[in-house]
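Coordinates from target_3.txt are shown below (compact mmCIF, C-alpha atoms).
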# COMPACT_ATOMS: atom_id res chain seq x y z
CA MET A 1 216.41 196.46 47.28
CA THR A 2 215.23 192.97 48.11
CA THR A 3 216.80 189.59 47.66
CA SER A 4 214.98 186.55 46.33
CA ASN A 5 216.10 182.96 45.98
CA THR A 6 215.42 181.94 42.41
CA THR A 7 215.95 178.26 43.14
CA GLU A 8 212.68 178.30 45.08
CA THR A 9 210.46 180.52 42.94
CA THR A 10 210.81 182.11 39.55
CA LEU A 11 209.13 185.28 38.42
CA PHE A 12 206.69 184.65 35.59
CA MET A 13 205.66 188.26 35.13
CA THR A 14 205.57 191.58 36.84
CA THR A 15 202.55 193.62 37.87
CA GLU A 16 203.36 195.96 34.99
CA ASN A 17 203.15 193.01 32.58
CA LEU A 18 199.80 192.00 34.06
CA LEU A 19 198.38 195.51 33.73
CA SER A 20 199.54 195.75 30.13
CA GLN A 21 197.92 192.40 29.28
CA TRP A 22 194.68 193.39 30.97
CA GLN A 23 194.57 196.74 29.16
CA GLY A 24 194.75 194.78 25.90
CA HIS A 25 191.82 192.62 27.01
CA ARG A 26 189.84 195.71 28.03
CA ARG A 27 190.33 197.22 24.57
CA LEU A 28 189.18 194.01 22.87
CA THR A 29 186.16 193.56 25.12
CA ARG A 30 185.16 197.18 24.49
CA ARG A 31 185.20 196.44 20.74
CA VAL A 32 182.95 193.41 21.28
CA ILE A 33 180.43 195.60 23.15
CA GLU A 34 180.59 198.12 20.30
CA ALA A 35 180.02 195.38 17.70
CA PHE A 36 176.55 194.60 19.07
CA PRO A 37 173.54 196.35 17.57
CA GLU A 38 171.98 198.44 20.36
CA ASP A 39 168.84 196.29 20.64
CA LYS A 40 170.62 192.93 20.50
CA LEU A 41 172.95 193.99 23.28
CA PHE A 42 169.96 194.16 25.63
CA ASP A 43 167.49 191.57 24.32
CA TYR A 44 169.40 188.77 22.57
CA SER A 45 170.55 185.53 24.15
CA ILE A 46 171.11 181.83 23.40
CA GLY A 47 169.95 178.84 25.43
CA GLY A 48 168.41 180.84 28.26
CA MET A 49 171.66 182.64 29.06
CA ARG A 50 171.89 186.30 30.04
CA THR A 51 172.09 189.06 27.47
CA PHE A 52 175.59 190.33 26.65
CA ALA A 53 174.71 193.61 28.42
CA GLU A 54 173.95 191.68 31.62
CA MET A 55 177.29 189.87 31.40
CA MET A 56 179.14 193.14 30.86
CA LYS A 57 177.34 194.74 33.82
CA GLU A 58 178.82 191.93 35.93
CA ILE A 59 182.33 192.62 34.63
CA ILE A 60 181.88 196.38 35.16
CA ASP A 61 180.70 195.82 38.73
CA ILE A 62 183.57 193.47 39.55
CA SER A 63 186.80 194.51 37.85
CA GLY A 64 187.27 198.24 38.51
CA PRO A 65 185.64 198.33 41.96
CA GLY A 66 187.39 195.05 42.86
CA ILE A 67 190.86 196.36 42.08
CA ARG A 68 190.13 199.63 43.90
CA SER A 69 188.96 197.70 46.95
CA ILE A 70 191.97 195.37 46.92
CA ALA A 71 194.23 198.44 46.81
CA THR A 72 192.37 200.40 49.49
CA GLU A 73 191.28 197.40 51.60
CA ASN A 74 187.85 199.01 51.74
CA TRP A 75 184.95 196.89 50.47
CA GLU A 76 182.11 199.25 51.39
CA ASN A 77 179.49 199.79 48.71
CA THR A 78 180.68 196.94 46.49
CA GLY A 79 179.28 193.53 45.77
CA GLY A 80 175.68 194.53 45.10
CA PHE A 81 175.88 193.15 41.61
CA ASP A 82 172.17 193.47 40.92
CA LYS A 83 171.76 197.01 42.15
CA HIS A 84 172.76 198.58 38.84
CA THR A 85 170.24 196.74 36.73
CA LEU A 86 167.82 199.63 36.86
CA ASP A 87 170.36 202.46 36.63
CA PRO A 88 169.72 204.48 33.46
CA GLU A 89 173.39 204.36 32.40
CA TYR A 90 173.26 200.59 32.17
CA GLN A 91 170.37 200.66 29.68
CA THR A 92 172.18 202.01 26.61
CA LYS A 93 175.28 200.98 24.70
CA ALA A 94 176.78 204.45 25.12
CA GLY A 95 176.16 204.24 28.86
CA LEU A 96 177.76 200.80 29.13
CA LEU A 97 180.80 201.98 27.18
CA LYS A 98 181.15 205.00 29.47
CA LEU A 99 180.98 202.75 32.53
CA TRP A 100 183.46 200.40 30.85
CA ASP A 101 185.94 203.23 30.37
CA GLN A 102 185.50 204.34 33.97
CA GLY A 103 186.28 200.79 35.07
CA THR A 104 189.42 200.73 32.94
CA GLU A 105 190.53 203.98 34.60
CA LEU A 106 190.03 202.43 38.05
CA ILE A 107 192.18 199.44 37.05
CA ASN A 108 194.88 201.70 35.62
CA ALA A 109 194.90 203.86 38.74
CA TYR A 110 194.66 201.28 41.52
CA LEU A 111 196.40 198.12 40.30
CA PRO A 112 199.85 199.77 40.54
CA LEU A 113 199.06 200.83 44.13
CA ILE A 114 198.71 197.28 45.46
CA PRO A 115 201.88 196.47 47.45
CA GLU A 116 203.83 193.52 46.01
CA SER A 117 203.63 191.65 49.31
CA ARG A 118 199.84 191.49 49.04
CA PHE A 119 199.67 189.36 45.89
CA GLN A 120 200.56 186.16 47.75
CA GLU A 121 198.26 186.88 50.72
CA ASN A 122 194.86 185.33 51.30
CA ILE A 123 191.92 187.62 50.63
CA VAL A 124 188.13 187.65 50.72
CA VAL A 125 186.81 189.72 47.82
CA PHE A 126 183.37 191.33 47.88
CA GLY A 127 182.89 189.97 51.37
CA GLN A 128 182.46 186.39 50.21
CA TYR A 129 184.96 184.95 47.71
CA GLU A 130 188.09 183.50 49.31
CA GLY A 131 191.32 183.28 47.37
CA ILE A 132 194.91 184.42 47.08
CA THR A 133 195.13 188.01 45.87
CA PHE A 134 196.89 187.22 42.57
CA SER A 135 194.40 184.44 41.79
CA SER A 136 191.42 186.67 42.59
CA ILE A 137 192.74 189.27 40.14
CA LEU A 138 193.29 186.59 37.48
CA TYR A 139 189.72 185.45 38.11
CA PHE A 140 188.45 188.94 37.24
CA ILE A 141 190.37 188.78 33.94
CA ASP A 142 189.42 185.16 33.16
CA ASN A 143 185.77 186.03 33.77
CA GLU A 144 186.05 188.91 31.29
CA ILE A 145 187.62 186.62 28.63
CA HIS A 146 184.93 183.99 29.33
CA HIS A 147 181.92 186.27 28.93
CA ARG A 148 183.45 188.14 26.00
CA ALA A 149 183.86 184.81 24.19
CA GLN A 150 180.22 183.97 24.86
CA GLY A 151 179.36 187.34 23.31
CA THR A 152 181.30 186.41 20.18
CA VAL A 153 179.01 183.39 19.70
CA TYR A 154 176.01 185.70 20.04
CA LEU A 155 177.54 187.94 17.36
CA ARG A 156 178.25 185.02 15.00
CA SER A 157 174.71 183.74 15.40
CA LEU A 158 173.52 187.24 14.43
CA GLY A 159 175.67 187.12 11.29
CA ILE A 160 178.19 189.65 12.67
CA GLU A 161 181.94 188.95 12.54
CA PRO A 162 183.44 189.55 16.02
CA PRO A 163 186.56 191.70 16.52
CA ALA A 164 189.73 189.61 16.07
CA PHE A 165 190.74 187.75 19.25
CA TRP A 166 194.46 188.23 18.62
CA ASN A 167 194.24 192.03 18.23
CA ARG A 168 194.76 193.77 21.58
CA ASP A 169 195.79 197.20 20.27
CA MET B 1 220.80 184.42 44.70
CA THR B 2 219.72 187.37 42.60
CA THR B 3 218.86 190.90 43.50
CA SER B 4 215.92 192.83 42.13
CA ASN B 5 214.89 196.42 42.59
CA THR B 6 211.28 196.42 43.68
CA THR B 7 210.85 200.12 43.10
CA GLU B 8 211.09 199.43 39.38
CA THR B 9 209.11 196.23 39.00
CA THR B 10 206.95 194.17 41.30
CA LEU B 11 206.35 190.46 41.07
CA PHE B 12 202.73 189.65 40.32
CA MET B 13 203.10 185.90 40.40
CA THR B 14 205.60 183.14 40.10
CA THR B 15 205.88 180.45 37.43
CA GLU B 16 204.58 177.98 40.02
CA ASN B 17 201.47 180.18 40.47
CA LEU B 18 200.97 180.27 36.71
CA LEU B 19 201.26 176.50 36.38
CA SER B 20 198.79 175.96 39.21
CA GLN B 21 196.28 178.33 37.61
CA TRP B 22 196.66 176.69 34.22
CA GLN B 23 196.21 173.21 35.69
CA GLY B 24 192.89 174.43 37.09
CA HIS B 25 191.86 175.67 33.66
CA ARG B 26 192.92 172.35 32.06
CA ARG B 27 190.71 170.46 34.51
CA LEU B 28 187.72 172.69 33.78
CA THR B 29 188.20 172.54 30.00
CA ARG B 30 188.44 168.75 30.21
CA ARG B 31 185.06 168.70 31.95
CA VAL B 32 183.54 170.86 29.21
CA ILE B 33 184.78 168.36 26.57
CA GLU B 34 183.30 165.53 28.63
CA ALA B 35 179.95 167.34 28.93
CA PHE B 36 179.37 167.18 25.16
CA PRO B 37 177.42 164.27 23.72
CA GLU B 38 179.80 162.36 21.43
CA ASP B 39 178.01 163.35 18.22
CA LYS B 40 177.53 167.03 19.13
CA LEU B 41 181.21 167.38 19.90
CA PHE B 42 181.97 166.68 16.24
CA ASP B 43 178.96 167.98 14.31
CA TYR B 44 177.36 170.86 16.24
CA SER B 45 178.09 174.55 15.78
CA ILE B 46 176.47 177.99 15.89
CA GLY B 47 176.68 180.76 13.29
CA GLY B 48 179.08 178.96 10.97
CA MET B 49 181.74 178.54 13.66
CA ARG B 50 183.89 175.43 14.08
CA THR B 51 182.72 172.44 16.10
CA PHE B 52 183.93 172.28 19.70
CA ALA B 53 186.14 169.32 18.73
CA GLU B 54 187.88 171.48 16.11
CA MET B 55 188.49 174.22 18.66
CA MET B 56 189.92 171.72 21.14
CA LYS B 57 192.19 170.23 18.46
CA GLU B 58 193.65 173.71 18.09
CA ILE B 59 194.28 174.00 21.83
CA ILE B 60 195.77 170.49 21.93
CA ASP B 61 198.10 171.32 19.04
CA ILE B 62 199.24 174.61 20.58
CA SER B 63 199.52 174.38 24.35
CA GLY B 64 201.50 171.23 25.16
CA PRO B 65 203.75 171.30 22.08
CA GLY B 66 204.16 175.08 22.45
CA ILE B 67 205.40 174.87 26.02
CA ARG B 68 207.72 171.96 25.15
CA SER B 69 209.16 173.96 22.26
CA ILE B 70 209.62 177.10 24.34
CA ALA B 71 211.52 175.01 26.91
CA THR B 72 213.63 173.12 24.38
CA GLU B 73 213.93 175.95 21.83
CA ASN B 74 213.15 173.35 19.16
CA TRP B 75 210.15 174.09 16.95
CA GLU B 76 210.53 171.17 14.54
CA ASN B 77 207.34 169.27 13.78
CA THR B 78 205.01 171.83 15.35
CA GLY B 79 202.67 174.34 13.85
CA GLY B 80 200.90 172.08 11.37
CA PHE B 81 197.58 172.76 13.02
CA ASP B 82 195.53 171.09 10.30
CA LYS B 83 197.59 167.93 10.04
CA HIS B 84 195.75 166.18 12.87
CA THR B 85 192.29 166.62 11.45
CA LEU B 86 192.32 163.16 9.89
CA ASP B 87 194.16 161.34 12.70
CA PRO B 88 191.90 158.63 14.16
CA GLU B 89 192.52 159.77 17.75
CA TYR B 90 191.01 163.17 17.00
CA GLN B 91 187.72 161.62 15.84
CA THR B 92 186.35 160.38 19.17
CA LYS B 93 185.70 161.99 22.54
CA ALA B 94 187.85 159.37 24.26
CA GLY B 95 190.67 160.09 21.82
CA LEU B 96 190.42 163.85 22.37
CA LEU B 97 190.47 163.40 26.13
CA LYS B 98 193.55 161.17 25.88
CA LEU B 99 195.31 163.80 23.75
CA TRP B 100 194.14 166.46 26.21
CA ASP B 101 195.75 164.59 29.11
CA GLN B 102 198.97 164.12 27.15
CA GLY B 103 199.03 167.88 26.55
CA THR B 104 198.55 168.56 30.26
CA GLU B 105 201.49 166.27 31.00
CA LEU B 106 203.67 168.21 28.54
CA ILE B 107 202.75 171.48 30.26
CA ASN B 108 203.44 170.02 33.70
CA ALA B 109 206.80 168.64 32.59
CA TYR B 110 208.17 171.48 30.48
CA LEU B 111 206.83 174.75 31.92
CA PRO B 112 209.04 174.43 35.04
CA LEU B 113 212.09 173.89 32.80
CA ILE B 114 211.86 177.32 31.14
CA PRO B 115 214.62 179.50 32.63
CA GLU B 116 213.25 182.58 34.43
CA SER B 117 215.32 184.90 32.24
CA ARG B 118 213.44 183.73 29.15
CA PHE B 119 210.00 185.02 30.17
CA GLN B 120 210.89 188.63 29.34
CA GLU B 121 212.65 187.78 26.07
CA ASN B 122 211.18 188.20 22.60
CA ILE B 123 210.15 184.98 20.92
CA VAL B 124 208.62 183.71 17.68
CA VAL B 125 206.31 180.79 18.43
CA PHE B 126 205.43 178.17 15.83
CA GLY B 127 207.72 179.97 13.40
CA GLN B 128 205.38 182.88 12.92
CA TYR B 129 203.84 184.54 16.00
CA GLU B 130 206.02 187.23 17.54
CA GLY B 131 205.68 188.13 21.19
CA ILE B 132 207.34 188.22 24.58
CA THR B 133 207.62 184.74 26.07
CA PHE B 134 205.31 185.41 29.05
CA SER B 135 202.68 186.98 26.80
CA SER B 136 202.83 184.10 24.31
CA ILE B 137 202.20 181.65 27.16
CA LEU B 138 199.30 183.77 28.45
CA TYR B 139 197.93 183.76 24.90
CA PHE B 140 197.84 179.96 24.95
CA ILE B 141 195.81 180.08 28.18
CA ASP B 142 193.54 182.95 27.07
CA ASN B 143 192.81 181.05 23.86
CA GLU B 144 191.78 178.00 25.91
CA ILE B 145 189.46 180.12 28.11
CA HIS B 146 188.03 181.77 24.98
CA HIS B 147 187.18 178.60 23.08
CA ARG B 148 185.98 176.80 26.23
CA ALA B 149 183.52 179.65 26.80
CA GLN B 150 182.27 179.35 23.24
CA GLY B 151 181.70 175.65 23.97
CA THR B 152 179.58 176.53 27.00
CA VAL B 153 177.21 178.46 24.69
CA TYR B 154 176.99 175.39 22.44
CA LEU B 155 176.13 173.31 25.52
CA ARG B 156 173.47 175.78 26.74
CA SER B 157 171.88 175.86 23.31
CA LEU B 158 171.73 172.04 23.48
CA GLY B 159 169.96 172.25 26.84
CA ILE B 160 173.03 171.03 28.77
CA GLU B 161 174.27 172.91 31.86
CA PRO B 162 178.03 173.53 31.50
CA PRO B 163 180.49 172.70 34.31
CA ALA B 164 180.76 175.60 36.79
CA PHE B 165 183.24 178.28 35.67
CA TRP B 166 184.43 178.92 39.21
CA ASN B 167 185.29 175.29 39.97
CA ARG B 168 188.92 174.52 39.06
CA ASP B 169 189.39 171.45 41.28

Taking this structure as input, can you express it in the form of structure tokens?
Amino acid sequence: MTTSNTTETTLFMTTENLLSQWQGHRRLTRRVIEAFPEDKLFDYSIGGMRTFAEMMKEIIDISGPGIRSIATENWENTGGFDKHTLDPEYQTKAGLLKLWDQGTELINAYLPLIPESRFQENIVVFGQYEGITFSSILYFIDNEIHHRAQGTVYLRSLGIEPPAFWNRD
Amino acid sequence: MTTSNTTETTLFMTTENLLSQWQGHRRLTRRVIEAFPEDKLFDYSIGGMRTFAEMMKEIIDISGPGIRSIATENWENTGGFDKHTLDPEYQTKAGLLKLWDQGTELINAYLPLIPESRFQENIVVFGQYEGITFSSILYFIDNEIHHRAQGTVYLRSLGIEPPAFWNRD
């Protein structure tokens, strides 16, 4: 049992709330990946931006491994965000979806293992990005929402209706 | 003084953390509005989507008034998301930025007034959207990130480099 002074800080949400929210985002982002035709996922872009597959490789490389490393305090073998570009699994939609699901499993397994006291501590993620632990985790999620939204513009420009933003089931 | 059992729930972040994060997003979104040429803000779109001005009108109508209404538990005169379309202030970039800043002030003023106990309570926002209070507030923020990201694709397709996603100062 701990005691907190609610006149100084108020709890906005618990770690369980955060995980539940993120799981909803992961489901929606997975549907956006699925909505792409296989070829467009890997060769379509607007305004010189990356393909949606490249954006999702970034999210795959950051979110699951990042949460595992925050929980274990071991950052070995993470941060090489370009190293997967040539991996065969990253070259097909089925492969990306499999890696996506593996990332979701890492989040589900490791986020609950991070001690509460750590969320307000300073951290350096992937050996280079300084922040406070809670804000670094929110950055992972915000980055997913950001790139997913860019993917929805790609879909619209291809004449494909994106999965509904409000549906997180 | 209150007592909480940390074996059941852990605090991910405080309301102060949430407000600070959101303020960073508001600053970044404001810069994305500013980055648009005046005419493109109101007449440019991709794939049949709304203009960026229309998307930002939605965020302006939801976020500030939504937080004020959650704090005051008074939802009168909110929710008419189309009623501002013809208002003169919504027809210029300077007008949108002024309304944006007014919305930020509402968030800054009213978010801290929401009692901690309310965040885990069920709520119906704008008379129609059911949720838990913390998740409804996160939805406001996620919706801002989502539409801002769509605006960055518009900018790229116009040959304009968007403001950096990581910079929230």

What's the 12 Å shell around Pro37 of chain A, counting only C-alpha atoms, without same-chain residues fewer than 6 positions away, as a VMD selection string?
chain A and resid 43 to 44 52 to 53 92 to 94 154 to 155 158 to 160

Select, counting all atoms listed in the file, all protein, DNA and RNA residues no farther than 10 Å from (197.7, 172.7, 24.7) in file coordinates, and express the selection as a ChimeraX atom specification.
/B:26,56-67,99-107,140-141,143-144

Please identify every residue of chain A that has at least one atom no more than 6 Å from any atom of chain B, counting all atoms listed in the file, and report them as an MDAnalysis selection string.
chainID A and resid 1 3 5 10:12 14:15 47 116 146 149:150 156:157

Selected residue, from B:Glu89, B:Asp39, B:Leu113, B:Asn122, that lies nearest to Thr72 of chain B when counting all atoms listed in the file:
B:Leu113

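Atom CA of Glu121 of chain A to atom CA of Asn108 of chain A spans 21.4 Å [interatomic distance, one decimal].
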
Quick one: residues within 12 Å of Phe126 of chain A, only C-alpha atoms counted, chain neighbours fewer than 4 positions away excluded, as a PyMOL selection string?
chain A and resi 61-63+65-70+73-81+130-131+136

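The interatomic distance for the pair atom CA of Lys40 of chain A and atom CA of Ala164 of chain A works out to 19.9 Å.
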
Between atom CA of Phe42 of chain A and atom CA of Leu96 of chain A, what is the spacing in Å?
10.8 Å

Saved segment 134-150 of chain A from the preceding structure, N, CA and C atoms, as a PDB file, in the first residue's frame:
ATOM      1  N   PHE A 134       7.394   7.788 -19.311  1.00  0.00           N
ATOM      2  CA  PHE A 134       6.001   7.813 -19.799  1.00  0.00           C
ATOM      3  C   PHE A 134       5.916   8.543 -21.138  1.00  0.00           C
ATOM      4  N   SER A 135       6.701   9.618 -21.302  1.00  0.00           N
ATOM      5  CA  SER A 135       6.588  10.395 -22.542  1.00  0.00           C
ATOM      6  C   SER A 135       7.223   9.650 -23.703  1.00  0.00           C
ATOM      7  N   SER A 136       8.261   8.860 -23.430  1.00  0.00           N
ATOM      8  CA  SER A 136       8.856   8.042 -24.491  1.00  0.00           C
ATOM      9  C   SER A 136       7.862   6.988 -24.977  1.00  0.00           C
ATOM     10  N   ILE A 137       7.127   6.388 -24.050  1.00  0.00           N
ATOM     11  CA  ILE A 137       6.116   5.398 -24.432  1.00  0.00           C
ATOM     12  C   ILE A 137       4.990   6.062 -25.224  1.00  0.00           C
ATOM     13  N   LEU A 138       4.546   7.240 -24.776  1.00  0.00           N
ATOM     14  CA  LEU A 138       3.512   7.958 -25.543  1.00  0.00           C
ATOM     15  C   LEU A 138       4.022   8.309 -26.937  1.00  0.00           C
ATOM     16  N   TYR A 139       5.321   8.593 -27.042  1.00  0.00           N
ATOM     17  CA  TYR A 139       5.893   8.919 -28.353  1.00  0.00           C
ATOM     18  C   TYR A 139       5.779   7.720 -29.296  1.00  0.00           C
ATOM     19  N   PHE A 140       6.021   6.526 -28.780  1.00  0.00           N
ATOM     20  CA  PHE A 140       5.860   5.319 -29.612  1.00  0.00           C
ATOM     21  C   PHE A 140       4.430   5.262 -30.174  1.00  0.00           C
ATOM     22  N   ILE A 141       3.456   5.497 -29.295  1.00  0.00           N
ATOM     23  CA  ILE A 141       2.041   5.410 -29.699  1.00  0.00           C
ATOM     24  C   ILE A 141       1.687   6.539 -30.663  1.00  0.00           C
ATOM     25  N   ASP A 142       2.101   7.770 -30.321  1.00  0.00           N
ATOM     26  CA  ASP A 142       1.817   8.922 -31.197  1.00  0.00           C
ATOM     27  C   ASP A 142       2.404   8.701 -32.588  1.00  0.00           C
ATOM     28  N   ASN A 143       3.584   8.127 -32.637  1.00  0.00           N
ATOM     29  CA  ASN A 143       4.250   7.873 -33.917  1.00  0.00           C
ATOM     30  C   ASN A 143       3.454   6.853 -34.745  1.00  0.00           C
ATOM     31  N   GLU A 144       2.883   5.863 -34.053  1.00  0.00           N
ATOM     32  CA  GLU A 144       2.028   4.890 -34.741  1.00  0.00           C
ATOM     33  C   GLU A 144       0.779   5.574 -35.311  1.00  0.00           C
ATOM     34  N   ILE A 145       0.109   6.411 -34.487  1.00  0.00           N
ATOM     35  CA  ILE A 145      -1.093   7.123 -34.960  1.00  0.00           C
ATOM     36  C   ILE A 145      -0.745   8.006 -36.155  1.00  0.00           C
ATOM     37  N   HIS A 146       0.398   8.684 -36.056  1.00  0.00           N
ATOM     38  CA  HIS A 146       0.861   9.621 -37.091  1.00  0.00           C
ATOM     39  C   HIS A 146       1.080   8.910 -38.425  1.00  0.00           C
ATOM     40  N   HIS A 147       1.840   7.837 -38.406  1.00  0.00           N
ATOM     41  CA  HIS A 147       2.126   7.154 -39.682  1.00  0.00           C
ATOM     42  C   HIS A 147       0.904   6.399 -40.206  1.00  0.00           C
ATOM     43  N   ARG A 148       0.091   5.858 -39.299  1.00  0.00           N
ATOM     44  CA  ARG A 148      -1.153   5.219 -39.752  1.00  0.00           C
ATOM     45  C   ARG A 148      -2.033   6.214 -40.488  1.00  0.00           C
ATOM     46  N   ALA A 149      -2.129   7.439 -39.955  1.00  0.00           N
ATOM     47  CA  ALA A 149      -2.955   8.471 -40.595  1.00  0.00           C
ATOM     48  C   ALA A 149      -2.412   8.828 -41.974  1.00  0.00           C
ATOM     49  N   GLN A 150      -1.085   8.869 -42.103  1.00  0.00           N
ATOM     50  CA  GLN A 150      -0.505   9.125 -43.419  1.00  0.00           C
ATOM     51  C   GLN A 150      -0.895   8.007 -44.379  1.00  0.00           C
TER      52      GLN A 150
END
